[in-house]
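K.L.:
What follows is entry37.txt, compact mmCIF, C-alpha atoms.
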```txt
# COMPACT_ATOMS: atom_id res chain seq x y z
CA MET Y 1 -13.21 185.72 87.77
CA ALA Y 2 -11.68 182.30 88.24
CA SER Y 3 -12.79 179.43 86.08
CA GLN Y 4 -14.93 177.17 88.22
CA HIS Y 5 -15.51 174.17 85.97
CA ARG Y 6 -14.00 170.85 87.00
CA ARG Y 7 -11.92 168.85 84.54
CA PHE Y 8 -14.15 165.84 84.53
CA ALA Y 9 -17.46 167.56 85.31
CA ARG Y 10 -18.23 168.31 81.70
CA LEU Y 11 -16.47 167.97 78.38
CA LEU Y 12 -15.79 170.66 75.86
CA ALA Y 13 -18.98 171.33 73.93
CA VAL Y 14 -18.36 171.83 70.25
CA THR Y 15 -21.12 172.97 67.93
CA ALA Y 16 -20.71 172.32 64.26
CA ALA Y 17 -22.44 170.70 61.35
CA VAL Y 18 -20.63 167.57 60.36
CA ALA Y 19 -19.97 167.66 56.66
CA THR Y 20 -19.70 164.54 54.57
CA VAL Y 21 -16.33 162.92 54.39
CA GLY Y 22 -16.74 161.66 50.89
CA LEU Y 23 -14.56 164.46 49.55
CA LEU Y 24 -11.68 163.06 51.60
CA SER Y 25 -11.69 159.83 49.60
CA ALA Y 26 -9.30 159.03 46.83
CA CYS Y 27 -9.26 161.00 43.65
CA SER Y 28 -6.80 161.20 40.84
CA GLY Y 29 -3.84 163.56 41.20
CA GLY Y 30 -2.99 166.46 38.98
CA ASP Y 31 -5.83 168.96 39.51
CA THR Y 32 -5.41 170.82 42.77
CA GLY Y 33 -8.00 173.50 42.06
CA ALA Y 34 -9.85 174.83 45.10
CA SER Y 35 -13.41 173.66 45.68
CA ASP Y 36 -16.26 174.45 48.06
CA SER Y 37 -15.53 171.57 50.37
CA GLY Y 38 -18.33 171.99 52.89
CA LEU Y 39 -15.63 172.06 55.57
CA GLY Y 40 -15.76 175.77 56.23
CA PHE Y 41 -12.90 176.59 53.86
CA GLN Y 42 -11.83 176.12 50.25
CA SER Y 43 -9.95 172.84 50.17
CA VAL Y 44 -7.73 171.74 47.33
CA GLU Y 45 -8.56 168.56 45.46
CA GLN Y 46 -7.95 165.64 47.81
CA VAL Y 47 -5.51 162.88 46.84
CA ALA Y 48 -5.77 159.74 48.95
CA ASP Y 49 -2.11 158.75 48.78
CA SER Y 50 -0.67 162.25 48.85
CA PRO Y 51 2.25 162.45 51.30
CA ILE Y 52 1.83 164.63 54.35
CA THR Y 53 4.52 166.74 55.99
CA VAL Y 54 4.44 167.18 59.75
CA TRP Y 55 6.40 169.84 61.60
CA VAL Y 56 7.25 169.07 65.23
CA ASP Y 57 9.66 170.17 67.90
CA ALA Y 58 12.18 167.68 69.28
CA ALA Y 59 9.90 166.66 72.15
CA ARG Y 60 7.06 165.73 69.77
CA GLU Y 61 9.24 163.91 67.23
CA PRO Y 62 8.75 160.54 69.00
CA ILE Y 63 4.94 160.62 68.61
CA ALA Y 64 5.29 161.52 64.93
CA THR Y 65 7.78 158.69 64.46
CA ALA Y 66 5.44 156.30 66.26
CA PHE Y 67 2.58 157.29 63.94
CA LYS Y 68 4.77 156.66 60.92
CA ALA Y 69 5.66 153.19 62.19
CA ALA Y 70 2.05 152.37 63.03
CA ASN Y 71 0.74 153.61 59.67
CA PRO Y 72 3.12 152.40 56.94
CA ASP Y 73 0.44 152.99 54.30
CA ILE Y 74 0.46 156.75 54.96
CA PRO Y 75 3.46 158.48 53.36
CA ILE Y 76 4.73 161.02 55.87
CA THR Y 77 7.73 163.33 56.12
CA ILE Y 78 8.69 164.50 59.61
CA GLU Y 79 10.55 167.79 59.95
CA THR Y 80 11.74 169.33 63.20
CA TYR Y 81 11.88 173.04 64.01
CA ASP Y 82 12.02 175.11 67.19
CA GLY Y 83 8.32 174.58 67.88
CA ASN Y 84 7.78 178.33 68.11
CA ALA Y 85 9.35 178.08 71.57
CA GLY Y 86 9.78 181.21 73.64
CA GLY Y 87 7.46 183.14 71.36
CA SER Y 88 10.03 182.99 68.54
CA ASP Y 89 7.27 183.62 65.97
CA SER Y 90 8.96 181.13 63.64
CA PHE Y 91 5.68 179.37 62.88
CA LYS Y 92 4.01 182.57 61.70
CA THR Y 93 7.09 183.79 59.85
CA LYS Y 94 7.56 180.56 57.93
CA MET Y 95 3.87 180.31 56.96
CA ALA Y 96 4.00 183.91 55.68
CA LEU Y 97 6.82 182.91 53.33
CA PHE Y 98 4.77 180.00 51.99
CA ASP Y 99 1.80 182.35 51.56
CA GLN Y 100 3.97 184.57 49.39
CA SER Y 101 5.20 181.71 47.22
CA GLY Y 102 1.81 180.00 47.11
CA GLU Y 103 3.23 176.60 47.96
CA GLY Y 104 5.25 174.61 50.48
CA TRP Y 105 2.91 174.62 53.47
CA PRO Y 106 3.29 171.62 55.82
CA ASP Y 107 0.15 169.59 56.44
CA VAL Y 108 0.42 169.57 60.24
CA VAL Y 109 2.30 171.90 62.56
CA PHE Y 110 2.92 171.60 66.29
CA SER Y 111 3.42 174.83 68.25
CA THR Y 112 4.35 175.25 71.89
CA GLN Y 113 2.29 178.48 71.98
CA THR Y 114 -1.45 178.70 72.62
CA ASN Y 115 -1.98 182.05 70.91
CA ASP Y 116 -1.34 181.15 67.26
CA ALA Y 117 -5.02 180.91 66.34
CA SER Y 118 -5.16 184.71 66.58
CA TRP Y 119 -3.30 184.85 63.25
CA ALA Y 120 -3.45 181.29 61.85
CA ALA Y 121 -7.24 181.48 61.59
CA GLN Y 122 -7.12 184.73 59.62
CA GLU Y 123 -6.67 185.34 55.90
CA SER Y 124 -3.31 186.96 55.18
CA ASN Y 125 -2.74 189.25 52.20
CA GLY Y 126 -5.50 187.59 50.24
CA VAL Y 127 -4.25 184.06 51.03
CA GLN Y 128 -6.56 181.64 52.80
CA ALA Y 129 -5.93 181.19 56.53
CA PHE Y 130 -3.35 178.51 57.25
CA ALA Y 131 -5.31 176.73 59.98
CA ALA Y 132 -8.13 174.53 58.77
CA PRO Y 133 -11.39 174.56 60.75
CA LEU Y 134 -11.49 171.20 62.50
CA ASN Y 135 -15.05 170.95 63.81
CA LYS Y 136 -16.83 171.26 60.47
CA GLY Y 137 -16.06 167.84 59.06
CA VAL Y 138 -12.33 167.27 59.30
CA LEU Y 139 -12.90 165.78 62.77
CA ASP Y 140 -16.24 164.67 64.16
CA ASP Y 141 -17.96 165.79 67.33
CA SER Y 142 -17.59 162.43 69.05
CA PHE Y 143 -13.82 162.81 68.93
CA LEU Y 144 -13.71 166.53 69.75
CA SER Y 145 -15.97 166.10 72.76
CA GLY Y 146 -13.28 163.92 74.32
CA PHE Y 147 -11.10 166.88 75.24
CA THR Y 148 -10.93 168.22 78.77
CA ALA Y 149 -13.45 171.03 79.23
CA GLY Y 150 -12.09 174.29 77.84
CA ALA Y 151 -8.87 172.77 76.53
CA ASN Y 152 -9.41 174.05 72.98
CA ALA Y 153 -10.90 177.40 73.98
CA PRO Y 154 -7.75 179.41 73.08
CA MET Y 155 -7.91 177.97 69.56
CA THR Y 156 -11.64 178.49 69.10
CA VAL Y 157 -12.80 181.58 67.21
CA ASP Y 158 -16.53 182.30 66.93
CA GLY Y 159 -17.34 178.66 67.59
CA THR Y 160 -14.86 177.28 65.09
CA VAL Y 161 -12.02 175.11 66.40
CA TYR Y 162 -8.73 175.81 64.60
CA GLY Y 163 -6.30 173.77 66.71
CA LEU Y 164 -6.12 170.82 69.07
CA ARG Y 165 -4.49 171.14 72.45
CA ASN Y 166 -1.80 168.52 72.93
CA ASP Y 167 -1.31 168.97 76.65
CA LEU Y 168 -2.47 171.14 79.50
CA ALA Y 169 0.15 173.03 81.45
CA PRO Y 170 -1.42 174.33 84.66
CA VAL Y 171 1.01 175.53 87.31
CA VAL Y 172 1.23 173.53 90.54
CA LEU Y 173 3.61 173.88 93.46
CA TRP Y 174 6.31 171.24 93.19
CA TYR Y 175 8.06 170.38 96.44
CA ASN Y 176 10.81 168.10 97.73
CA GLN Y 177 9.35 166.18 100.68
CA LYS Y 178 12.76 164.90 101.75
CA LEU Y 179 14.11 168.43 102.18
CA LEU Y 180 10.92 169.73 103.82
CA ASP Y 181 11.11 166.94 106.39
CA GLN Y 182 14.82 167.51 106.92
CA PHE Y 183 14.31 171.24 107.59
CA GLY Y 184 11.02 170.91 109.46
CA TYR Y 185 9.03 172.96 106.93
CA THR Y 186 5.51 172.44 105.62
CA VAL Y 187 4.29 172.95 102.07
CA PRO Y 188 3.17 176.59 101.59
CA THR Y 189 -0.35 177.10 100.29
CA THR Y 190 -0.40 180.86 99.59
CA TRP Y 191 1.94 183.34 97.95
CA GLU Y 192 2.38 184.95 101.37
CA GLU Y 193 3.47 181.66 102.94
CA TYR Y 194 5.80 181.03 100.00
CA GLU Y 195 7.51 184.39 100.57
CA ALA Y 196 7.72 183.81 104.34
CA LEU Y 197 9.29 180.39 103.72
CA SER Y 198 11.92 182.08 101.57
CA ASP Y 199 13.08 184.15 104.54
CA LYS Y 200 13.34 181.06 106.75
CA LEU Y 201 15.22 179.16 104.08
CA ALA Y 202 17.60 182.03 103.34
CA ALA Y 203 18.40 182.46 107.04
CA ASP Y 204 18.66 178.81 108.06
CA HIS Y 205 19.82 177.07 104.88
CA PRO Y 206 21.52 179.48 102.49
CA GLY Y 207 22.13 178.02 99.06
CA TYR Y 208 18.79 176.22 98.92
CA ILE Y 209 16.18 177.67 96.58
CA LEU Y 210 12.44 177.99 95.91
CA GLY Y 211 12.41 178.66 92.19
CA SER Y 212 13.79 180.47 89.18
CA VAL Y 213 13.00 183.60 87.17
CA GLY Y 214 15.47 182.77 84.42
CA ASP Y 215 13.08 181.83 81.61
CA GLY Y 216 10.63 183.92 79.62
CA PHE Y 217 7.75 181.75 80.76
CA THR Y 218 8.54 181.73 84.47
CA GLY Y 219 8.20 185.42 85.20
CA THR Y 220 5.15 185.79 82.97
CA TYR Y 221 3.04 182.63 83.03
CA VAL Y 222 4.10 181.12 86.35
CA TYR Y 223 4.27 184.17 88.58
CA TYR Y 224 2.25 187.03 87.07
CA TRP Y 225 -0.50 184.89 85.54
CA GLY Y 226 -0.72 182.87 88.74
CA ALA Y 227 -0.96 186.10 90.73
CA GLN Y 228 -3.94 187.34 88.66
CA ALA Y 229 -1.80 190.22 87.44
CA PRO Y 230 -3.57 191.86 84.46
CA ILE Y 231 -0.43 192.54 82.45
CA PHE Y 232 -1.48 190.65 79.33
CA GLN Y 233 -5.10 191.15 78.34
CA VAL Y 234 -6.86 191.35 75.01
CA ASP Y 235 -10.39 192.35 74.07
CA GLY Y 236 -10.98 192.03 70.35
CA ASP Y 237 -8.53 194.42 68.71
CA ALA Y 238 -7.69 196.14 71.99
CA PHE Y 239 -4.76 195.19 74.20
CA SER Y 240 -4.00 196.36 77.72
CA THR Y 241 -1.31 195.79 80.33
CA ASN Y 242 -1.51 197.02 83.91
CA PHE Y 243 1.53 196.77 86.14
CA ALA Y 244 -0.04 199.28 88.57
CA ASP Y 245 -2.76 196.83 89.57
CA ASP Y 246 -2.41 195.60 93.15
CA HIS Y 247 -1.91 191.99 92.03
CA SER Y 248 0.88 193.07 89.70
CA LYS Y 249 2.57 195.21 92.33
CA ARG Y 250 2.41 192.48 94.96
CA MET Y 251 3.99 189.95 92.63
CA THR Y 252 6.71 192.38 91.59
CA ALA Y 253 7.52 192.97 95.26
CA LEU Y 254 7.51 189.22 96.01
CA LEU Y 255 9.91 188.46 93.19
CA ASP Y 256 12.29 191.24 94.17
CA HIS Y 257 12.20 190.11 97.79
CA MET Y 258 13.05 186.51 96.92
CA ILE Y 259 15.68 187.45 94.35
CA ALA Y 260 17.30 189.61 97.02
CA ASN Y 261 17.37 186.82 99.61
CA LYS Y 262 18.66 184.47 96.88
CA THR Y 263 15.90 181.88 97.10
CA LEU Y 264 14.94 182.72 93.51
CA VAL Y 265 17.77 182.19 91.05
CA GLN Y 266 18.25 183.61 87.57
CA ASP Y 267 19.24 180.36 85.88
CA SER Y 268 17.08 178.80 83.19
CA VAL Y 269 15.45 175.61 84.39
CA PHE Y 270 16.84 174.00 81.25
CA GLY Y 271 20.38 175.27 81.78
CA ALA Y 272 23.33 173.25 82.99
CA ASN Y 273 23.75 175.42 86.06
CA PHE Y 274 20.19 174.80 87.25
CA ALA Y 275 20.92 171.08 87.30
CA SER Y 276 23.36 171.80 90.12
CA TYR Y 277 20.34 172.54 92.35
CA SER Y 278 19.16 168.94 92.12
CA ASP Y 279 19.55 168.43 95.87
CA LYS Y 280 18.91 172.06 96.84
CA LEU Y 281 15.49 172.78 95.31
CA VAL Y 282 13.01 172.80 98.19
CA ALA Y 283 9.96 173.91 96.17
CA ILE Y 284 9.13 175.61 92.89
CA PRO Y 285 5.89 176.73 91.23
CA GLY Y 286 5.86 175.34 87.72
CA PRO Y 287 3.76 173.65 85.03
CA ALA Y 288 2.63 170.04 85.05
CA TRP Y 289 5.21 169.18 82.40
CA TYR Y 290 8.04 169.77 84.89
CA SER Y 291 7.26 166.20 85.95
CA GLY Y 292 9.15 164.71 83.03
CA ALA Y 293 10.97 167.67 81.50
CA VAL Y 294 12.73 168.81 84.68
CA PHE Y 295 12.55 166.38 87.62
CA GLN Y 296 12.84 163.02 85.87
CA ASN Y 297 15.02 164.27 83.04
CA THR Y 298 18.57 162.90 83.19
CA ALA Y 299 19.75 166.14 81.57
CA GLY Y 300 17.80 168.15 84.14
CA LEU Y 301 17.52 167.76 87.89
CA ASN Y 302 17.23 163.97 87.69
CA VAL Y 303 15.78 163.79 91.23
CA PRO Y 304 15.51 160.24 92.67
CA ALA Y 305 12.09 158.66 93.14
CA GLY Y 306 10.20 159.21 96.37
CA GLU Y 307 11.20 162.85 96.92
CA ILE Y 308 9.15 165.07 94.60
CA GLY Y 309 5.47 165.86 95.07
CA ALA Y 310 2.93 168.21 93.52
CA ALA Y 311 0.68 170.42 95.64
CA ALA Y 312 -2.26 172.63 94.73
CA PRO Y 313 -1.31 176.00 93.20
CA LEU Y 314 -0.33 178.97 95.32
CA TYR Y 315 -2.86 181.79 95.61
CA TRP Y 316 -3.21 185.12 97.41
CA ASN Y 317 -4.57 184.76 100.93
CA GLY Y 318 -8.32 185.39 100.94
CA GLU Y 319 -8.60 185.50 97.13
CA ASP Y 320 -9.63 183.08 94.39
CA LYS Y 321 -7.60 179.89 94.26
CA VAL Y 322 -6.37 180.25 90.71
CA THR Y 323 -3.17 179.52 88.85
CA GLY Y 324 -1.20 180.24 85.70
CA ASN Y 325 -0.58 178.07 82.67
CA VAL Y 326 2.66 177.54 80.75
CA GLY Y 327 1.93 176.66 77.16
CA GLY Y 328 0.39 173.33 76.47
CA GLY Y 329 1.24 172.68 72.84
CA VAL Y 330 -1.22 172.84 69.95
CA TRP Y 331 -1.59 170.85 66.73
CA TYR Y 332 -2.72 172.73 63.63
CA ALA Y 333 -3.91 171.26 60.33
CA SER Y 334 -3.23 173.08 57.08
CA SER Y 335 -6.16 174.27 54.98
CA HIS Y 336 -3.87 173.71 51.97
CA SER Y 337 -3.43 169.96 52.58
CA LYS Y 338 -4.16 167.52 49.77
CA ASN Y 339 -4.74 164.65 52.21
CA LEU Y 340 -7.00 165.81 55.04
CA LYS Y 341 -7.98 162.25 55.90
CA ALA Y 342 -4.36 161.38 56.69
CA VAL Y 343 -4.07 164.64 58.61
CA ALA Y 344 -7.13 163.73 60.68
CA ASP Y 345 -5.69 160.27 61.36
CA PHE Y 346 -2.45 161.84 62.53
CA LEU Y 347 -4.17 164.35 64.82
CA LYS Y 348 -6.26 161.66 66.47
CA TYR Y 349 -3.20 159.48 67.01
CA ALA Y 350 -1.11 162.35 68.39
CA VAL Y 351 -3.57 163.25 71.14
CA SER Y 352 -5.66 160.16 71.89
CA SER Y 353 -3.67 156.99 71.18
CA ASP Y 354 -2.12 154.73 73.81
CA LYS Y 355 1.24 155.87 72.48
CA ALA Y 356 0.28 159.50 73.17
CA ALA Y 357 -0.26 158.64 76.83
CA GLU Y 358 2.97 156.66 76.97
CA LEU Y 359 5.12 159.41 75.43
CA ALA Y 360 3.53 162.40 77.17
CA SER Y 361 5.84 164.36 79.48
CA GLY Y 362 2.97 166.42 80.87
CA LEU Y 363 -0.79 166.29 81.36
CA PRO Y 364 -2.49 165.38 78.05
CA ALA Y 365 -5.44 167.51 76.99
CA TYR Y 366 -7.50 164.55 75.79
CA THR Y 367 -9.43 163.21 78.77
CA ALA Y 368 -8.94 159.48 78.21
CA THR Y 369 -5.25 160.05 77.52
CA SER Y 370 -4.84 162.22 80.62
CA ASP Y 371 -6.59 159.59 82.73
CA ALA Y 372 -4.11 156.98 81.52
CA TRP Y 373 -1.14 159.30 82.04
CA LEU Y 374 -2.20 160.28 85.56
CA LYS Y 375 -2.74 156.65 86.48
CA THR Y 376 0.72 155.75 85.21
CA GLN Y 377 2.39 158.66 86.98
CA SER Y 378 0.56 158.08 90.26
CA GLY Y 379 1.34 154.39 90.20
CA SER Y 380 4.97 154.76 89.18
CA GLY Y 381 6.24 155.23 92.73
CA TYR Y 382 8.15 158.34 91.66
CA PHE Y 383 5.94 161.02 93.18
CA VAL Y 384 4.94 161.45 96.81
CA GLY Y 385 1.56 162.76 97.97
CA ASP Y 386 -1.59 163.15 95.89
CA PHE Y 387 -0.05 163.86 92.51
CA ALA Y 388 -3.21 163.31 90.47
CA GLY Y 389 -5.32 165.38 92.87
CA ALA Y 390 -2.97 168.36 92.73
CA VAL Y 391 -2.73 168.31 88.93
CA ASN Y 392 -6.49 167.98 88.53
CA THR Y 393 -7.06 170.87 90.93
CA ALA Y 394 -4.66 173.04 88.97
CA ALA Y 395 -6.17 172.08 85.61
CA SER Y 396 -9.58 173.34 86.73
CA SER Y 397 -8.21 176.53 88.33
CA VAL Y 398 -6.41 178.40 85.56
CA TRP Y 399 -7.17 182.12 85.85
CA ASP Y 400 -9.23 183.24 82.88
CA GLY Y 401 -8.08 186.86 82.94
CA TRP Y 402 -5.01 186.23 80.77
CA GLY Y 403 -5.19 187.09 77.08
CA PHE Y 404 -4.18 185.29 73.89
CA PRO Y 405 -3.13 187.95 71.36
CA SER Y 406 -0.96 187.24 68.34
CA PHE Y 407 2.31 187.70 70.22
CA SER Y 408 3.89 186.13 73.29
CA PRO Y 409 4.70 187.81 76.62
CA GLU Y 410 7.89 185.79 76.77
CA THR Y 411 9.80 187.93 74.28
CA ALA Y 412 9.51 191.19 76.23
CA TYR Y 413 10.45 189.45 79.48
CA SER Y 414 13.43 187.78 77.84
CA SER Y 415 14.68 190.96 76.17
CA ILE Y 416 14.13 193.36 79.08
CA VAL Y 417 13.85 191.57 82.42
CA ILE Y 418 16.34 188.71 82.16
CA PRO Y 419 19.32 190.85 81.07
CA GLY Y 420 18.22 193.61 83.46
CA LEU Y 421 18.26 191.26 86.43
CA ALA Y 422 21.66 189.96 85.35
CA ALA Y 423 22.89 193.58 85.40
CA GLY Y 424 21.79 193.94 89.01
CA LYS Y 425 18.51 195.77 88.53
CA SER Y 426 15.30 194.83 90.36
CA VAL Y 427 12.07 193.78 88.68
CA ALA Y 428 10.53 197.03 89.92
CA ASP Y 429 13.34 198.97 88.22
CA LEU Y 430 12.60 197.15 84.97
CA VAL Y 431 8.81 197.39 84.99
CA PRO Y 432 8.61 200.68 83.01
CA ALA Y 433 10.78 199.37 80.18
CA TRP Y 434 9.10 195.96 80.33
CA GLU Y 435 5.64 197.49 80.09
CA ALA Y 436 6.72 199.77 77.26
CA GLU Y 437 8.12 196.83 75.30
CA ILE Y 438 4.91 194.83 75.71
CA LYS Y 439 2.86 197.78 74.48
CA ASN Y 440 5.21 198.30 71.56
CA GLU Y 441 4.86 194.66 70.52
CA ALA Y 442 1.09 194.98 70.73
CA GLN Y 443 1.11 198.05 68.51
CA VAL Y 444 3.37 196.37 65.97
CA GLN Y 445 0.84 193.54 65.82
CA GLY Y 446 -1.92 196.02 65.06
CA TYR Y 447 -3.64 196.16 68.42
CA THR Y 448 -5.10 199.33 69.88
CA VAL Y 449 -3.28 199.75 73.18
CA LYS Y 450 -5.40 201.04 76.01
```
Re-express the file's structure as structure tokens.

P.N.:
Amino acid sequence: MASQHRRFARLLAVTAAVATVGLLSACSGGDTGASDSGLGFQSVEQVADSPITVWVDAAREPIATAFKAANPDIPITIETYDGNAGGSDSFKTKMALFDQSGEGWPDVVFSTQTNDASWAAQESNGVQAFAAPLNKGVLDDSFLSGFTAGANAPMTVDGTVYGLRNDLAPVVLWYNQKLLDQFGYTVPTTWEEYEALSDKLAADHPGYILGSVGDGFTGTYVYYWGAQAPIFQVDGDAFSTNFADDHSKRMTALLDHMIANKTLVQDSVFGANFASYSDKLVAIPGPAWYSGAVFQNTAGLNVPAGEIGAAAPLYWNGEDKVTGNVGGGVWYASSHSKNLKAVADFLKYAVSSDKAAELASGLPAYTATSDAWLKTQSGSGYFVGDFAGAVNTAASSVWDGWGFPSFSPETAYSSIVIPGLAAGKSVADLVPAWEAEIKNEAQVQGYTVK
């Protein structure tokens, strides 16, 4: 059933007892023995001036650098890594190595994936869970209640919040108003209209496109999640995937149809070849962060102002108006940190400061920050139409039937579907192998596959 809450109707309710923060104050170095901190985990002895290490991807490095400049009294080391992009599992793999050695954990980690709490909140081989509970004293309720309703749900386990959502990534339908006007087309509202438009475009204006299936996240999060296809579901320790469901079958057929008429290309939206479609992209379903990462990016499409707009998400005719979601990064705090106060200061700055709104490339998860970002984007003169309205609609319409297990759907799509399409096979041809790979990954992760 589709999520019906509105973004600004109510804020995320977080229930937790707020522990004293006295233990976060200065204490002499040396002894790092674990203690019952009252924070929901065994913290090491806190050292007020202990340096903190923050891991970020390249896109989040500017906010970490800004924090460092704004807080010269907090010693901080900034390290960049791949951000766990594409379901690389690098975050989990690296933390496992530190667990083995018993040292070296960073104090804060940013991940592009929303499913890391499934492992980061769990003890591993007798070592305390990496992710520190955040709503039991590290951060107070007044701050946590400022997030958009449901934003931290994927990182909440049994009422305990283990990560903070950096940004929301609901899928909208991006469109080029200049091209629509030139061709006499209107913005499609349903998946059926989107497919019908592809036939018109292919016949009347060959070479122009309506999207891409060339990234691990596009086929999975954009199309199948948005189509309510139950191919990635988790219930406790049980995992299931169903490509025989009508929603799955309809989306598979739609993709094959549009790949065949060449209105869906196989280029990555971040690849050099996709940039050649700058003046040929009529519309594309994609996450809110396409606004800065794709359209306004000089290394991307670099579309001039006054052409691009965002419309409400596509949906199946006569069904719930829901959409998919592509990531939305998450900040995690280490339970092994010696300076949780500095960690808390960093987390607050990263999601709720004026600088966070200024540097955001997509819709921030913190309500006040998202309000500021939407106001800036809407008033910039870059977008046409009701940009803020479309993004808000999408943010409150993400289909809640998608699961968050300890592995990403992107890896199976990237290893099976992308090379298969390049070899001339259809999505339907690849479904059996794709489904088998997803199930295999689930079993490797310890899930019971239905």

K.L.:
Between CA of Ile63 in chain Y and CA of Ala368 in chain Y, what is the distance, to one decimal in Å?

P.N.:
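Calculated distance between CA of Ile63 in chain Y and CA of Ala368 in chain Y is 16.9 Å.
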
K.L.:
Select, counting all atoms listed in the file, all protein, DNA and RNA residues no farther than 6 Å from (-6.4, 170.2, 83.8) in file coordinates, and express the selection as a PyMOL selection string.

P.N.:
chain Y and resi 7+168+392+395-396

K.L.:
Let me make sure I understand: among Y:Phe270, Y:Tyr175, Y:Tyr332, Y:Trp225, which one has the smallest atom-to-atom distance to Ile284 in chain Y if we use all atoms listed in the file?

P.N.:
Y:Tyr175

K.L.:
Do a neighbour search on Gly102 in chain Y at 10 Å with only C-alpha atoms, toss out local chain neighbours closer than 4 positions, and write the hits as a PDB file with C-alpha atoms, in the frame of the given file.

P.N.:
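Full text of around21.pdb as output:
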```
ATOM      1  CA  ALA Y  96       4.000 183.910  55.680  1.00  0.00           C
ATOM      2  CA  LEU Y  97       6.820 182.910  53.330  1.00  0.00           C
ATOM      3  CA  PHE Y  98       4.770 180.000  51.990  1.00  0.00           C
ATOM      4  CA  VAL Y 127      -4.250 184.060  51.030  1.00  0.00           C
ATOM      5  CA  HIS Y 336      -3.870 173.710  51.970  1.00  0.00           C
TER       6      HIS Y 336
END
```

K.L.:
Which residues, written as number ranges by chain, have at least one atom at most 10 Å from Phe183 in chain Y, with all atoms listed in the file counted and residues fewer than 3 positions away on the same chain left out?

P.N.:
Y: 177-180, 186, 200-201, 204-205, 282

K.L.:
Please indicate the distance in Å from CA of Asp267 in chain Y to CA of Ala288 in chain Y, rounded to one decimal place.

P.N.:
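Going from CA of Asp267 in chain Y over to CA of Ala288 in chain Y, I get 19.6 Å.
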
K.L.:
So, counting only C-alpha atoms, which residue among Y:Gly163, Y:Lys450, Y:Pro170, Y:Ala333 is closest to Asp345 in chain Y?

P.N.:
Y:Ala333

K.L.:
Report, in Å to a single decimal, how far apart CA of Val294 in chain Y and CA of Gln377 in chain Y are.

P.N.:
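Answer for the CA of Gln377 in chain Y to CA of Val294 in chain Y separation: 14.7 Å.
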
K.L.:
Taking a cut-off of 12 Å and counting all atoms listed in the file, can you build a table that, for each residue of range 346-440 of chain Y near range 36-58 of chain Y, reports the nearest atom pair and how far apart they are in Å (one decimal), sorted by chain then residue number, as a Markdown table?

P.N.:
```
| residue | atom | partner | partner_atom | distance |
| --- | --- | --- | --- | --- |
| Y:Phe346 | CA | Y:Val54 | CA | 9.1 |
| Y:Leu347 | CA | Y:Val54 | CA | 10.4 |
| Y:Ala350 | CA | Y:Val56 | CA | 11.2 |
```

K.L.:
Let me make sure I understand: among Y:Ala66, Y:Ala132, Y:Ala436, Y:Ala121, which one has the smallest atom-to-atom distance to Ser240 in chain Y if we use all atoms listed in the file?

P.N.:
Y:Ala436
